[in-house]
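Trainee: Attaching a single structure in structure tokens format; questions to follow.
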Amino acid sequence: MIVIFLLIPLSIVTAAVFLMGFIWAVRSGQYEDTCTPSLRSLMDDNGSKQNEKANE
Amino acid sequence: MVADYADAGLDTTRQAPEADVLESGCFHCGTPLRGAVFTSQRKSFCCQGCLTVFELLTENGLDDFYRLGKAAGVRVKAAPKQEEFSYLDEPALRRQLVDFADERVTRATFRVPSMHCIACVWLLENLFRLKPGIGYSRVNFPRKEVFIAFEHGKVKLSEVAGLLTALGYAPDFNLSDLEERPRRAVSRRLWLQLGVAGFAFGNIMLLSISSYLGLDTFSGPGLRKLFGWSSLVLALPVLAYSAADYWRAAWVAARQRILTIEVPIAVGIGALAAWSAGEVLTGRGPGYFDSLAGLLFFLLCGKMFQQKTYDRLAFDRDYKSFFPLSILRKSGGKEERIALSQLQAGDQLVIRNGELIPSDSRLLCGAAMIDYSFVTGESEPVKKAAGAHIYAGGRQIGGAIEIETVKEVSQSYLTSLWNQKTFCKDQAGPSLDTVTNRYSRRFTKMVLAVAAGSALFWLLTDSSRALAAFVSVLIVACPCALALAAPFTLGAAQRLLARRKVFLKNSSVIEALARVDTVVFDKTGTLTAYGAGAVVFLGEPLGDEEEGRIFSVAQHSTHPHAVRLAESIKAEHPSQPVRSFCETAGCGIEGLVGGQEIWLGSAAWLKSRKVAVESPARPCGSLVHVAINGKYRGCYTLWNGLRPRAGEAIRQMSAHYELALLSGDNEKERERFGGLFGNSGHVHFNQSPLHKLQFIRQLQAPGRTVMMVGDGLNDAGALRQSDVGVAVVESIGAFSPASDVIMAAQMVPRLPEVLRFAKSSVRVVRLSLVISAIYNVVGISFAARGLLSPVLCAILMPLSSVTVVAFACGLTTRLGRRLDLETVPKGEARA
């Protein structure tokens, strides 16, 4: 059971890493506009398909 | 998902146009082709502008644009002149407009209202392929903004603006851009607070599982200490950061000696934290840190839910967002574009069709027809002769005119009106007299009484348990559910209304809506609408064939008169081909149909073409005169009519509300509206903006709660003075004066339902408050007896929160369904 003294801080540290990731995401503005990125993914798809065709 | 896009204003129709549009429409913008057609690479275009954009895009390998959205472009009539935006390079102005600039790179955000589809986003984000010097650009679609970074050594700000305009995405600059724009950092902060609280909540719960299950007796004191201390450490950022707003609000309330909902929350959090820290430090137990973090997590969720903002809407606009940033000045025979801030009294200006008179001026030359509808509510444009005085805020309709400014912008009639104190609503923040605040006042007193009572009881019987009982009562009564009831109910109601195109500034407006007992309407643009009334032909009746020809010509123009005329005679007639169609701005349209020359336009225009025009004696509404083969045939009268079903709505409301009508218009329609409003005492015409404001104030004096429904700048004062100002807009995202609610025009007839919905939403809040009160009574009954265990606390707290939230949201959604969606046609449901 003694290992739990190691595991618990470890799990908290792991969670803290994710928290840092979240803070970074918010700070870099990823939560400001949740609509445009979804549009962007649509057109990337379109564009690359067109490019592939052009390459062939 | 689809609803989200509609919310953001994404035009989903543009992506799959019918085949015939493609064949008969401009390849770039889809405008039906007529008259001269421009062709390039076997594709047809409606104008030189569209053709230029097409060539620019194909030359730079950006023809993917047309694959992303067929005919997705925005019509560009003519390429802008390079000097159009040169005023932007003025160092002082430039500094205020750009976000950031260093030695090499400038970053600026442009508002581009005309972006509407995926192809637009794609093109705007590929600007760097069109012009060297532009680094990268990023679109925020819901806000209709594009952020552009460019090297100002290679490309100037004016050139970037010029490029956008050339592509059809003319950036929108107005006077308010020069002020400091508060960046919306609030929601970013809320996300972080929520993240921290959620992180702590999850981890502390995990650490507390052993104590929930009673395992801590097996695991020994070492482990218990570890759990306790880790919980304490995890809770610290929650207390310091996530709860910061509650501490501050409670502190402000305490200093002003008022009881708001934040006071009991802060007291509860404080008691919880202090007691738990005491337990951990003395090694008596793990404390209630899980409840503490959970409490804040739920509270912040509620806040997040309530804080729905509408990126495309601005509720706090004043005249400055209505004024352009630049103006065309004439000096020494040369025309130059200057910033409005540089304008001085005595400058000569050129005002073109549709442009705004920026300052009180004198007319020098040109046929001035000034449309003051936005300032005074008068629906008819006013004709001015040379030498006449023109007030700021009017719009010129027709050809270009030249004016000489008499006063500076800051001293003109409109601006001085605005700067009056009366126009500024005292910005005391949201009203404190909300349901929850009233409730929490009683609640807090009661809880303190119970806590003191139980402490007293235990002091007399078993003094060792007195402190525990006192704190337990405070902890368990901490009004988590109470604080959640209102945000979730009102937040849900706000969303439901937004889906029906009634946008609220914040969710507390619903409470104000529910309290309204007096409704004041503006007439022009609010109750009446352009195109809602009848179209009547005066003169010798036209033959069927002739009417068909008039229709064919009228349908080619986008002028509102022509559109309405075409709609009113559409049903019977097939469209015939029109040759040599020509539109003269501000005058009229002409075309050759079936060998006959059709002229439709103003009396002055026809007169100038030697047509004997007979105008009716007392025109009611706008007139479109008709001449066929140079012979006068009569005129169409376009009535400004009531919106469909608006009359019925007013009759419905008159049963429950005191109604009034204020109009800046003249008295010609008094009879009609006097009858509609029942008592003619509350129907007032010829009202100036200041009159309207004072009228609202008179109504409020005896304690009435007044809702003002208006649309223009002329209602702005009244909208601010009223308890709920409702701005009516024809298209969402268009200009609207400062208000609490922005409502699509088609919702005006459904105002009674909206008000009913607001009332029932507040009733739901009350019901949820009762439910949370029951939970509190149960919890307090345990706490006062000194029986509160961590398990009980951990169960009771989330259970009460979740059930109250579920109840509030569920019931509001059901109510919203009764606000029958079906009557809003699908096409209108889109922004």
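The chains in the structure tokens are called A, B, ... from first to last as shown; in each chain the residues are counted from 1, and the ligands are counted from 1 in the order shown.
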Can you write out as JSON lines which residues of chain B fall within 8 Å of chain A, alongside each residue's closest atom pair and its distance in Å to one decimal, counting only C-alpha atoms and ordering rows by chain and ascending residue number?

Mentor:
{"residue": "B:Asp4", "atom": "CA", "partner": "A:Cys35", "partner_atom": "CA", "distance": 7.8}
{"residue": "B:Tyr5", "atom": "CA", "partner": "A:Cys35", "partner_atom": "CA", "distance": 7.3}
{"residue": "B:Ala8", "atom": "CA", "partner": "A:Cys35", "partner_atom": "CA", "distance": 7.4}
{"residue": "B:Asp64", "atom": "CA", "partner": "A:Gly47", "partner_atom": "CA", "distance": 7.0}
{"residue": "B:Leu68", "atom": "CA", "partner": "A:Met43", "partner_atom": "CA", "distance": 7.0}
{"residue": "B:Ile118", "atom": "CA", "partner": "A:Leu39", "partner_atom": "CA", "distance": 6.2}
{"residue": "B:Ala119", "atom": "CA", "partner": "A:Met43", "partner_atom": "CA", "distance": 7.9}
{"residue": "B:Val121", "atom": "CA", "partner": "A:Arg40", "partner_atom": "CA", "distance": 7.7}
{"residue": "B:Trp122", "atom": "CA", "partner": "A:Met43", "partner_atom": "CA", "distance": 7.0}
{"residue": "B:Val139", "atom": "CA", "partner": "A:Thr36", "partner_atom": "CA", "distance": 7.0}
{"residue": "B:Asn140", "atom": "CA", "partner": "A:Thr36", "partner_atom": "CA", "distance": 6.0}
{"residue": "B:Phe141", "atom": "CA", "partner": "A:Thr36", "partner_atom": "CA", "distance": 5.4}
{"residue": "B:Pro142", "atom": "CA", "partner": "A:Cys35", "partner_atom": "CA", "distance": 6.8}
{"residue": "B:Arg188", "atom": "CA", "partner": "A:Val26", "partner_atom": "CA", "distance": 6.4}
{"residue": "B:Trp191", "atom": "CA", "partner": "A:Val26", "partner_atom": "CA", "distance": 7.1}
{"residue": "B:Leu192", "atom": "CA", "partner": "A:Ile23", "partner_atom": "CA", "distance": 6.3}
{"residue": "B:Gly195", "atom": "CA", "partner": "A:Leu19", "partner_atom": "CA", "distance": 7.1}
{"residue": "B:Val196", "atom": "CA", "partner": "A:Leu19", "partner_atom": "CA", "distance": 7.3}
{"residue": "B:Phe199", "atom": "CA", "partner": "A:Leu19", "partner_atom": "CA", "distance": 6.8}
{"residue": "B:Asn203", "atom": "CA", "partner": "A:Ile12", "partner_atom": "CA", "distance": 7.1}
{"residue": "B:Leu223", "atom": "CA", "partner": "A:Phe5", "partner_atom": "CA", "distance": 7.7}
{"residue": "B:Leu226", "atom": "CA", "partner": "A:Phe5", "partner_atom": "CA", "distance": 7.9}

Trainee: List the neighbours of segment 445-455 of chain B out to 7 Å using only C-alpha atoms; skip same-chain residues closer than 5 positions along the sequence, and give me the result as a PyMOL selection string.

Mentor: chain B and resi 466-467+469-470+473-474+477+784

Trainee: Export N, CA and C atoms of the chosen residues as a PDB file, in the first residue's frame?

Mentor:
ATOM      1  N   ALA B 466     -21.456  23.242  19.877  1.00  0.00           N
ATOM      2  CA  ALA B 466     -22.083  24.482  19.427  1.00  0.00           C
ATOM      3  C   ALA B 466     -21.438  25.032  18.155  1.00  0.00           C
ATOM      4  N   LEU B 467     -20.095  25.125  18.154  1.00  0.00           N
ATOM      5  CA  LEU B 467     -19.400  25.695  16.993  1.00  0.00           C
ATOM      6  C   LEU B 467     -19.647  24.843  15.757  1.00  0.00           C
ATOM      7  N   ALA B 469     -22.152  22.903  15.045  1.00  0.00           N
ATOM      8  CA  ALA B 469     -23.513  23.055  14.551  1.00  0.00           C
ATOM      9  C   ALA B 469     -23.671  24.381  13.815  1.00  0.00           C
ATOM     10  N   PHE B 470     -23.105  25.427  14.397  1.00  0.00           N
ATOM     11  CA  PHE B 470     -23.199  26.755  13.784  1.00  0.00           C
ATOM     12  C   PHE B 470     -22.614  26.754  12.364  1.00  0.00           C
ATOM     13  N   VAL B 473     -24.543  24.525   9.762  1.00  0.00           N
ATOM     14  CA  VAL B 473     -25.733  25.164   9.195  1.00  0.00           C
ATOM     15  C   VAL B 473     -25.322  26.096   8.054  1.00  0.00           C
ATOM     16  N   LEU B 474     -24.277  26.881   8.300  1.00  0.00           N
ATOM     17  CA  LEU B 474     -23.812  27.800   7.256  1.00  0.00           C
ATOM     18  C   LEU B 474     -23.354  27.031   6.022  1.00  0.00           C
ATOM     19  N   ALA B 477     -26.337  25.211   4.195  1.00  0.00           N
ATOM     20  CA  ALA B 477     -27.318  26.142   3.648  1.00  0.00           C
ATOM     21  C   ALA B 477     -26.718  27.015   2.567  1.00  0.00           C
ATOM     22  N   ALA B 784     -28.332  21.347  11.995  1.00  0.00           N
ATOM     23  CA  ALA B 784     -28.642  21.963  13.271  1.00  0.00           C
ATOM     24  C   ALA B 784     -28.594  20.946  14.407  1.00  0.00           C
TER      25      ALA B 784
END

Trainee: Need to verify the contact set: Gly710 of chain B, 6 Å, only C-alpha atoms, exclusion of same-chain residues closer than 4 positions in sequence. Can you return it as a PyMOL selection string?

Mentor: chain B and resi 522+526+715+727-728

Trainee: Please indicate the distance in Å from atom CA of Cys587 of chain B to atom CA of Gly525 of chain B, rounded to one decimal place.

Mentor: 23.4 Å

Trainee: Kindly indicate which residue among B:Glu59, B:Leu281, B:Phe289, B:Ser187 lies nearest to Ser231 of chain B, using only C-alpha atoms for the distances.

Mentor: B:Phe289

Trainee: So how far away is atom CA of Ser361 of chain B from atom CA of Gly393 of chain B, in Å?

Mentor: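 Going from atom CA of Gly393 of chain B over to atom CA of Ser361 of chain B, I get 10.8 Å.
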